[in-house]
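What follows is the content of run.cif (mmCIF, C-alpha atoms).
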```
data_structure
loop_
_atom_site.label_atom_id
_atom_site.label_comp_id
_atom_site.auth_asym_id
_atom_site.auth_seq_id
_atom_site.Cartn_x
_atom_site.Cartn_y
_atom_site.Cartn_z
CA MET U 1427 13.66 -35.70 -41.03
CA SER U 1428 12.40 -32.26 -40.09
CA PRO U 1429 8.62 -32.19 -39.42
CA LEU U 1430 8.43 -28.74 -41.06
CA PRO U 1431 8.08 -27.79 -44.73
CA ASN U 1432 11.55 -26.93 -46.01
CA ASP U 1433 10.68 -24.90 -49.11
CA GLU U 1434 8.82 -22.11 -47.27
CA ASP U 1435 9.93 -18.59 -46.41
CA PRO U 1436 10.11 -18.70 -42.57
CA GLU U 1437 8.75 -15.18 -42.12
CA ALA U 1438 5.74 -15.79 -44.36
CA LEU U 1439 5.09 -19.13 -42.70
CA ALA U 1440 5.28 -17.58 -39.23
CA GLU U 1441 2.79 -14.89 -40.17
CA ARG U 1442 0.33 -17.45 -41.53
CA ILE U 1443 0.62 -19.60 -38.43
CA LEU U 1444 0.13 -16.57 -36.19
CA ALA U 1445 -2.90 -15.49 -38.24
CA ARG U 1446 -4.41 -18.98 -37.93
CA PHE U 1447 -3.80 -18.99 -34.19
CA CYS U 1448 -5.49 -15.60 -33.79
CA ASP U 1449 -8.38 -16.14 -36.22
CA GLU U 1450 -9.16 -19.78 -35.53
CA GLY U 1451 -7.54 -20.74 -32.22
CA LEU U 1452 -8.24 -17.68 -30.09
CA SER U 1453 -11.74 -17.26 -31.52
CA SER U 1454 -12.72 -20.53 -29.87
CA ILE U 1455 -11.30 -19.58 -26.46
CA SER U 1456 -13.40 -17.54 -24.04
CA LEU U 1457 -11.24 -14.48 -23.34
CA ARG U 1458 -11.86 -10.74 -23.27
CA PRO U 1459 -10.97 -9.01 -26.57
CA GLU U 1460 -8.15 -7.04 -24.99
CA VAL U 1461 -6.68 -10.24 -23.55
CA LYS U 1462 -6.73 -11.86 -26.99
CA THR U 1463 -4.92 -8.85 -28.41
CA GLU U 1464 -2.24 -9.12 -25.71
CA LEU U 1465 -1.96 -12.87 -26.23
CA ALA U 1466 -1.48 -12.41 -29.97
CA LEU U 1467 1.48 -10.13 -29.27
CA GLU U 1468 2.96 -12.62 -26.80
CA ALA U 1469 2.44 -15.47 -29.27
CA ARG U 1470 4.60 -13.96 -32.03
CA PRO U 1471 8.00 -14.78 -30.45
CA ALA U 1472 6.64 -18.20 -29.45
CA VAL U 1473 5.72 -18.95 -33.07
CA HIS U 1474 9.17 -17.96 -34.31
CA ALA U 1475 10.90 -19.99 -31.60
CA LEU U 1476 8.80 -23.06 -32.38
CA LEU U 1477 9.46 -22.70 -36.09
CA PHE U 1478 13.18 -22.72 -35.39
CA GLY U 1479 12.96 -25.76 -33.12
CA LEU U 1480 10.70 -27.69 -35.48
CA GLY U 1481 13.07 -27.00 -38.33
CA THR U 1482 15.93 -28.95 -36.72
CA ASP U 1483 16.82 -32.62 -36.55
CA ARG U 1484 15.72 -32.71 -32.89
CA ALA U 1485 12.32 -31.23 -33.59
CA GLY U 1486 10.43 -33.73 -31.45
CA ASP U 1487 12.76 -33.57 -28.44
CA ALA U 1488 11.43 -30.97 -26.01
CA SER U 1489 14.55 -31.30 -23.86
CA SER U 1490 16.87 -30.30 -26.69
CA LEU U 1491 18.70 -27.00 -26.77
CA GLU U 1492 16.86 -26.22 -30.00
CA HIS U 1493 13.56 -26.01 -28.11
CA HIS U 1494 14.88 -24.06 -25.12
CA GLU U 1495 13.56 -20.79 -26.53
CA SER U 1496 10.24 -22.40 -27.46
CA LEU U 1497 9.63 -23.53 -23.89
CA ALA U 1498 10.59 -20.10 -22.53
CA MET U 1499 8.25 -18.23 -24.90
CA VAL U 1500 5.29 -20.53 -24.18
CA THR U 1501 5.94 -20.07 -20.45
CA LEU U 1502 5.45 -16.34 -21.04
CA LEU U 1503 2.12 -17.07 -22.75
CA GLY U 1504 0.90 -18.70 -19.54
CA ARG U 1505 2.20 -15.79 -17.48
CA ALA U 1506 0.44 -13.26 -19.72
CA LEU U 1507 -2.85 -15.10 -19.23
CA ALA U 1508 -2.45 -15.04 -15.46
CA LEU U 1509 -1.63 -11.33 -15.35
CA SER U 1510 -4.68 -10.63 -17.49
CA GLY U 1511 -6.91 -12.32 -14.90
CA ALA U 1512 -7.78 -15.37 -17.03
CA THR U 1513 -8.98 -18.59 -15.40
CA PRO U 1514 -7.13 -21.91 -15.80
CA THR U 1515 -9.57 -23.24 -18.43
CA PRO U 1516 -8.37 -21.01 -21.31
CA VAL U 1517 -4.77 -21.85 -20.40
CA LEU U 1518 -5.40 -25.52 -21.14
CA ARG U 1519 -6.59 -24.61 -24.64
CA VAL U 1520 -3.86 -22.19 -25.73
CA VAL U 1521 -1.11 -24.71 -26.54
CA PRO U 1522 -3.44 -27.07 -28.50
CA ALA U 1523 -4.75 -24.04 -30.44
CA LEU U 1524 -1.21 -22.87 -31.18
CA LEU U 1525 -0.01 -26.28 -32.36
CA SER U 1526 -3.20 -26.74 -34.39
CA ALA U 1527 -2.16 -23.67 -36.38
CA PHE U 1528 1.24 -25.26 -36.98
CA ARG U 1529 -0.30 -28.55 -38.11
CA ALA U 1530 -2.62 -26.72 -40.51
CA GLU U 1531 0.50 -25.36 -42.21
CA GLY U 1532 2.13 -28.77 -42.55
CA ALA U 1533 4.22 -28.96 -39.37
CA GLU U 1534 4.22 -32.16 -37.32
CA PRO U 1535 4.89 -31.41 -33.63
CA THR U 1536 5.00 -34.62 -31.58
CA ASP U 1537 2.71 -35.47 -28.68
CA ALA U 1538 5.73 -35.34 -26.37
CA LEU U 1539 6.52 -31.81 -27.46
CA GLU U 1540 2.88 -30.78 -27.00
CA ALA U 1541 2.86 -32.23 -23.47
CA ALA U 1542 6.06 -30.34 -22.59
CA LEU U 1543 4.68 -27.08 -23.96
CA GLN U 1544 1.42 -27.58 -22.06
CA ALA U 1545 3.37 -28.15 -18.85
CA VAL U 1546 5.46 -24.97 -19.15
CA CYS U 1547 2.39 -22.94 -20.12
CA LEU U 1548 0.72 -24.04 -16.90
CA GLU U 1549 3.90 -23.32 -14.97
CA GLY U 1550 3.98 -19.81 -16.41
CA PHE U 1551 0.34 -19.36 -15.44
CA VAL U 1552 1.04 -20.39 -11.84
CA ARG U 1553 4.02 -18.05 -11.63
CA GLY U 1554 1.96 -15.26 -13.14
CA ARG U 1555 -0.81 -15.77 -10.60
CA GLU U 1556 1.75 -15.51 -7.79
CA GLU U 1557 3.14 -12.35 -9.37
CA ALA U 1558 -0.35 -10.87 -9.69
CA VAL U 1559 -1.09 -11.56 -6.01
CA GLU U 1560 2.24 -10.02 -5.02
CA ARG U 1561 1.47 -6.94 -7.10
CA ARG U 1562 -1.93 -6.52 -5.43
CA VAL U 1563 -0.37 -6.85 -1.97
CA ARG U 1564 2.36 -4.37 -2.86
CA ARG U 1565 -0.15 -1.93 -4.31
CA GLY U 1566 -2.29 -2.15 -1.19
CA HIS U 1567 0.77 -1.58 0.99
CA GLU U 1568 1.86 1.44 -1.04
CA GLN U 1569 -1.63 2.94 -0.98
CA ALA U 1570 -1.66 2.61 2.81
CA ILE U 1571 1.42 4.84 3.10
CA ALA U 1572 0.35 8.47 3.00
CA PRO U 1573 1.50 11.80 4.43
CA PHE U 1574 -0.21 12.86 7.64
CA ILE U 1575 -0.49 16.02 9.71
CA LEU U 1576 1.90 15.75 12.64
CA ALA U 1577 1.08 19.14 14.10
CA ASP U 1578 -0.02 22.54 12.93
CA GLY U 1579 2.27 23.39 10.01
CA VAL U 1580 4.07 20.03 10.07
CA VAL U 1581 3.48 17.07 7.75
CA ALA U 1582 5.16 13.67 8.11
CA LEU U 1583 5.76 10.79 5.72
CA ARG U 1584 6.94 7.46 7.13
CA LEU U 1585 8.29 5.16 4.42
CA VAL U 1586 7.82 1.53 5.38
CA GLY U 1587 8.89 -1.72 3.76
CA ASP U 1588 10.25 -2.79 0.40
CA LEU U 1589 9.27 0.19 -1.75
CA SER U 1590 10.52 0.67 -5.29
CA ALA U 1591 12.14 3.92 -6.40
CA ASP U 1592 9.09 4.68 -8.57
CA ALA U 1593 6.78 4.15 -5.59
CA LEU U 1594 8.92 6.49 -3.48
CA VAL U 1595 8.74 9.21 -6.12
CA ALA U 1596 4.94 8.86 -6.28
CA MET U 1597 4.67 9.08 -2.48
CA ILE U 1598 6.88 12.15 -2.35
CA GLU U 1599 4.75 13.79 -5.03
CA GLU U 1600 1.77 13.18 -2.77
CA LEU U 1601 3.79 14.65 0.10
CA GLY U 1602 4.21 17.81 -1.96
CA ARG U 1603 0.47 18.06 -2.46
CA ALA U 1604 -0.11 17.50 1.26
CA LEU U 1605 2.40 20.23 2.14
CA PHE U 1606 0.62 22.65 -0.16
CA ARG U 1607 -2.84 21.82 1.22
CA ALA U 1608 -1.67 22.14 4.81
CA ASP U 1609 0.26 25.36 4.17
CA ALA U 1610 3.07 23.53 5.97
CA ARG U 1611 6.29 25.09 7.15
CA ALA U 1612 8.17 21.85 7.86
CA CYS U 1613 8.00 18.16 7.09
CA VAL U 1614 9.54 14.92 8.32
CA VAL U 1615 10.52 12.12 5.94
CA ASP U 1616 11.20 9.01 8.01
CA VAL U 1617 13.48 6.53 6.25
CA ASN U 1618 14.12 4.26 9.25
CA PRO U 1619 11.38 1.69 8.40
CA LEU U 1620 12.42 1.55 4.72
CA SER U 1621 14.14 -1.53 3.29
CA ALA U 1622 17.82 -1.72 2.39
CA PRO U 1623 19.31 1.22 0.48
CA THR U 1624 19.85 1.10 -3.26
CA PRO U 1625 21.17 3.88 -5.51
CA ARG U 1626 17.75 4.41 -7.15
CA ARG U 1627 15.91 4.48 -3.83
CA ALA U 1628 18.44 6.89 -2.36
CA ARG U 1629 18.14 9.31 -5.27
CA ALA U 1630 14.36 9.08 -5.16
CA LEU U 1631 14.45 10.19 -1.52
CA LEU U 1632 16.28 13.38 -2.46
CA SER U 1633 13.20 14.55 -4.35
CA ALA U 1634 11.52 15.23 -0.98
CA HIS U 1635 14.11 17.93 -0.26
CA GLU U 1636 13.61 19.40 -3.73
CA VAL U 1637 9.81 19.45 -3.42
CA ALA U 1638 9.98 21.02 0.03
CA LEU U 1639 12.48 23.62 -1.14
CA THR U 1640 10.17 24.61 -3.99
CA LEU U 1641 7.34 25.18 -1.51
CA GLY U 1642 9.48 27.01 1.02
CA VAL U 1643 9.20 24.14 3.51
CA ARG U 1644 11.93 22.83 5.80
CA CYS U 1645 12.50 19.11 5.14
CA ILE U 1646 14.00 16.94 7.89
CA TYR U 1647 15.10 13.40 7.12
CA SER U 1648 14.96 10.77 9.81
CA GLY U 1649 17.26 7.77 9.41
CA LEU U 1650 19.13 8.88 6.29
CA ASP U 1651 22.23 7.32 7.79
CA ALA U 1652 25.65 6.28 6.48
CA ARG U 1653 24.19 3.35 4.53
CA TRP U 1654 21.97 5.67 2.51
CA GLN U 1655 24.61 8.36 2.25
CA GLY U 1656 26.99 5.75 0.84
CA GLU U 1657 24.67 5.43 -2.15
CA LEU U 1658 24.88 9.21 -2.68
CA ARG U 1659 28.65 9.73 -2.71
CA ASP U 1660 28.51 12.12 -5.66
CA VAL U 1661 25.77 14.28 -4.10
CA ASP U 1662 26.34 17.29 -1.85
CA LEU U 1663 24.36 16.42 1.29
CA SER U 1664 25.41 19.49 3.26
CA THR U 1665 22.13 21.26 2.50
CA LEU U 1666 20.02 18.45 3.99
CA THR U 1667 18.71 18.45 7.56
CA LEU U 1668 19.29 15.01 9.08
CA ALA U 1669 18.20 13.37 12.31
CA ASP U 1670 18.83 9.89 13.63
CA THR U 1671 15.36 9.13 14.94
CA PHE U 1672 11.79 10.07 14.16
CA ALA U 1673 11.49 11.76 17.56
CA GLU U 1674 14.51 13.97 16.89
CA ALA U 1675 13.26 14.82 13.40
CA THR U 1676 9.84 15.66 14.81
CA ALA U 1677 11.35 18.05 17.35
CA LEU U 1678 13.35 19.83 14.65
CA ALA U 1679 10.28 20.09 12.41
CA LEU U 1680 8.14 21.48 15.21
CA ALA U 1681 10.79 24.05 16.00
CA ALA U 1682 11.13 25.02 12.33
CA ALA U 1683 7.36 25.45 12.11
CA GLY U 1684 7.26 27.53 15.31
CA SER U 1685 4.79 25.11 16.82
CA ARG U 1686 3.56 25.82 20.31
CA ILE U 1687 3.92 22.10 21.00
CA ALA U 1688 7.66 22.41 20.60
CA ARG U 1689 7.74 25.14 23.24
CA ALA U 1690 5.61 23.24 25.73
CA SER U 1691 7.31 22.38 29.00
CA LEU U 1692 5.87 18.87 28.81
CA LEU U 1693 8.37 17.87 26.12
CA PRO U 1694 10.92 15.27 27.29
CA GLY U 1695 14.18 16.77 28.48
CA ALA U 1696 16.17 15.33 25.60
CA LEU U 1697 13.88 17.00 23.04
CA ARG U 1698 13.93 20.31 24.93
CA GLY U 1699 17.70 20.20 24.88
CA LEU U 1700 17.70 19.43 21.16
CA LEU U 1701 15.38 22.35 20.47
CA ARG U 1702 17.64 24.68 22.41
#
```

Using structure tokens, write down the structure from this file.
Amino acid sequence: MSPLPNDEDPEALAERILARFCDEGLSSISLRPEVKTELALEARPAVHALLFGLGTDRAGDASSLEHHESLAMVTLLGRALALSGATPTPVLRVVPALLSAFRAEGAEPTDALEAALQAVCLEGFVRGREEAVERRVRRGHEQAIAPFILADGVVALRLVGDLSADALVAMIEELGRALFRADARACVVDVNPLSAPTPRRARALLSAHEVALTLGVRCIYSGLDARWQGELRDVDLSTLTLADTFAEATALALAAAGSRIARASLLPGALRGLLR
């Protein structure tokens, strides 16, 4: 027999359970108000999934296909708590509070189901903590990458590591501001240290040329090789200035900026030949 009232409108029942969880369950858990608001949003699909699972003949079997969605949604509850910066203690109280709201409305989730939901909530929390740490590391890495003055009139940006397309766009916007502040005449965008090409990354890189063009600056790409160009087959690359290495790109940028360094006799022979 189903452990759920059968003569109830599912939508109305779900809303009452959610309201009980928010008003009674979350009120007893020590969390910041904004975290409770986020958790209430995350709990809605979990409530609906549990209602579906509890309304079947295998309501008490957490391993059943009917509860697959329930387990997935409660996993996301744990993840949301981790990303919000919550400690493990509130995590241990979320599932009991959620199922208490169900029981108050006449549902009868088994102890086995509660244990399974508690386990996946903790698993989601652990995964969320790992994700949060990874985000902080990535953010720190991205903040460490910034344009720098290479010489008078020349700004360089070396793109290092596994950067997303959005991060690349943000860095190139900062490059534009650096070019403006430095009254630059040329810039180098070094792609060699960047992770494997993707279509979105490749298109994001093109914005450096566009920004430089707007400011009247010569943009030289270092390392925008065949792998990257393969992701830009439908783009006319003939207007781009390309160099294989950072050293070659630097020489071209110095020459474009009319730098006295580029004319110095101390430059290596290969670079002097390239400048000629």

In terms of all atoms listed in the file, the residue from U:Gly1532, U:Gly1451, U:Pro1516, U:Gly1504 at minimal distance from U:Leu1477 is U:Gly1532

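The protein and nucleic acid residues lying at most 10 Å from U:Thr1624 are U:Ser1590, U:Ala1591, U:Ala1630, U:Arg1653, U:Trp1654, U:Gly1656, U:Glu1657, U:Leu1658, with only C-alpha atoms considered and sequence neighbours fewer than 6 positions away removed.
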
Expansion of the PyMOL selection byres ((chain U and resi 1535-1551) around 7) into residues, as a list in words: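 On this input, the PyMOL selection byres ((chain U and resi 1535-1551) around 7) captures Pro1429, Gly1486, Asp1487, Ala1488, Leu1497, Val1500, Thr1501, Leu1502, Leu1503, Gly1504, Arg1505, Leu1507, Ala1508, Val1517, Val1521, Ala1533, Glu1534, Val1552, Arg1553, Gly1554 and Arg1555 of chain U.
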
Restricting it to C-alpha atoms, dump the selection as a short mmCIF file (atom, residue, chain, number, x, y, z; two decimals), in the coordinates of the input.
```cif
data_model
loop_
_atom_site.label_atom_id
_atom_site.label_comp_id
_atom_site.auth_asym_id
_atom_site.auth_seq_id
_atom_site.Cartn_x
_atom_site.Cartn_y
_atom_site.Cartn_z
CA PRO U 1429 8.62 -32.19 -39.42
CA GLY U 1486 10.43 -33.73 -31.45
CA ASP U 1487 12.76 -33.57 -28.44
CA ALA U 1488 11.43 -30.97 -26.01
CA LEU U 1497 9.63 -23.53 -23.89
CA VAL U 1500 5.29 -20.53 -24.18
CA THR U 1501 5.94 -20.07 -20.45
CA LEU U 1502 5.45 -16.34 -21.04
CA LEU U 1503 2.12 -17.07 -22.75
CA GLY U 1504 0.90 -18.70 -19.54
CA ARG U 1505 2.20 -15.79 -17.48
CA LEU U 1507 -2.85 -15.10 -19.23
CA ALA U 1508 -2.45 -15.04 -15.46
CA VAL U 1517 -4.77 -21.85 -20.40
CA VAL U 1521 -1.11 -24.71 -26.54
CA ALA U 1533 4.22 -28.96 -39.37
CA GLU U 1534 4.22 -32.16 -37.32
CA VAL U 1552 1.04 -20.39 -11.84
CA ARG U 1553 4.02 -18.05 -11.63
CA GLY U 1554 1.96 -15.26 -13.14
CA ARG U 1555 -0.81 -15.77 -10.60
#
```

So what do you get for atom CA of U:Arg1626 versus atom CA of U:Val1661, distance-wise?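 Computing it gives 13.1 Å between the two atoms.
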
Quick one: of U:Tyr1647, U:Phe1447, U:Phe1574, U:Phe1478, who's nearest to U:Val1617, counting all atoms listed in the file?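 Between U:Tyr1647, U:Phe1447, U:Phe1574, U:Phe1478, the residue approaching U:Val1617 most closely is U:Tyr1647.
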
Near stretch 1675-1679 of chain U, within 6 Å and counting all atoms listed in the file, which residues show up once chain neighbours fewer than 6 positions away are dropped, as a list in words? Ala1612, Ile1646, Ser1648 and Ala1669 of chain U

For the point (11.3, 20.1, -0.2) in the file's frame, write as a PyMOL selection string all residues with an atom no more than 12 Å away, counting only C-alpha atoms. chain U and resi 1581+1598-1599+1601-1606+1610-1615+1631-1647+1665-1667

Which of these residues is nearest to U:Glu1556, using all atoms listed in the file: U:Pro1619, U:Leu1509, U:Ala1683, U:Asp1435? U:Leu1509

Any idea what the distance is between atom CA of U:Arg1659 and atom CA of U:Pro1625? 9.9 Å

Give the answer as one residue: which of U:Ala1608, U:Pro1573, U:Leu1663, U:Leu1589 has the shortest atom-to-atom distance to U:Arg1561, using all atoms listed in the file?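 Of U:Ala1608, U:Pro1573, U:Leu1663, U:Leu1589, the one nearest U:Arg1561, counting all atoms listed in the file, is U:Leu1589.
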
Can you list what the PyMOL selection byres ((chain U and resi 1475) around 10) grabs from this structure, as a list of chain:residue names?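 Selection result, ordered by chain and number: U:Ala1440, U:Ala1469, U:Arg1470, U:Pro1471, U:Ala1472, U:Val1473, U:His1474, U:Leu1476, U:Leu1477, U:Phe1478, U:Gly1479, U:Leu1480, U:Gly1481, U:Glu1492, U:His1493, U:His1494, U:Glu1495, U:Ser1496, U:Leu1497, U:Ala1498, U:Met1499, U:Val1500.
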
Using all atoms listed in the file, can you list as a PDB file with C-alpha atoms, in the coordinates of the input the residues within 9 Å of (-0.8, -11.4, -25.0)?
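Dumped to out-v8.pdb:
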```pdb
ATOM      1  CA  GLU U1460      -8.150  -7.040 -24.990  1.00  0.00           C
ATOM      2  CA  VAL U1461      -6.680 -10.240 -23.550  1.00  0.00           C
ATOM      3  CA  LYS U1462      -6.730 -11.860 -26.990  1.00  0.00           C
ATOM      4  CA  THR U1463      -4.920  -8.850 -28.410  1.00  0.00           C
ATOM      5  CA  GLU U1464      -2.240  -9.120 -25.710  1.00  0.00           C
ATOM      6  CA  LEU U1465      -1.960 -12.870 -26.230  1.00  0.00           C
ATOM      7  CA  ALA U1466      -1.480 -12.410 -29.970  1.00  0.00           C
ATOM      8  CA  LEU U1467       1.480 -10.130 -29.270  1.00  0.00           C
ATOM      9  CA  GLU U1468       2.960 -12.620 -26.800  1.00  0.00           C
ATOM     10  CA  ALA U1469       2.440 -15.470 -29.270  1.00  0.00           C
ATOM     11  CA  LEU U1502       5.450 -16.340 -21.040  1.00  0.00           C
ATOM     12  CA  LEU U1503       2.120 -17.070 -22.750  1.00  0.00           C
ATOM     13  CA  ALA U1506       0.440 -13.260 -19.720  1.00  0.00           C
ATOM     14  CA  LEU U1507      -2.850 -15.100 -19.230  1.00  0.00           C
ATOM     15  CA  SER U1510      -4.680 -10.630 -17.490  1.00  0.00           C
TER      16      SER U1510
END
```

Pairwise distance for atom CA of U:Arg1565 and atom CA of U:Val1595, rounded to one decimal in Å: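 Between atom CA of U:Arg1565 and atom CA of U:Val1595 the gap is 14.4 Å.
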
So, counting only C-alpha atoms, which residue among U:Ala1681, U:Val1520, U:Ile1575, U:Met1597 is closest to U:Ser1453?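 Of U:Ala1681, U:Val1520, U:Ile1575, U:Met1597, the one nearest U:Ser1453, counting only C-alpha atoms, is U:Val1520.
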
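Compared by their closest atoms to U:Leu1524, and using all atoms listed in the file, the residues U:Ala1512, U:Ser1664, U:Ala1445, U:Leu1583 rank with U:Ala1445 nearest.
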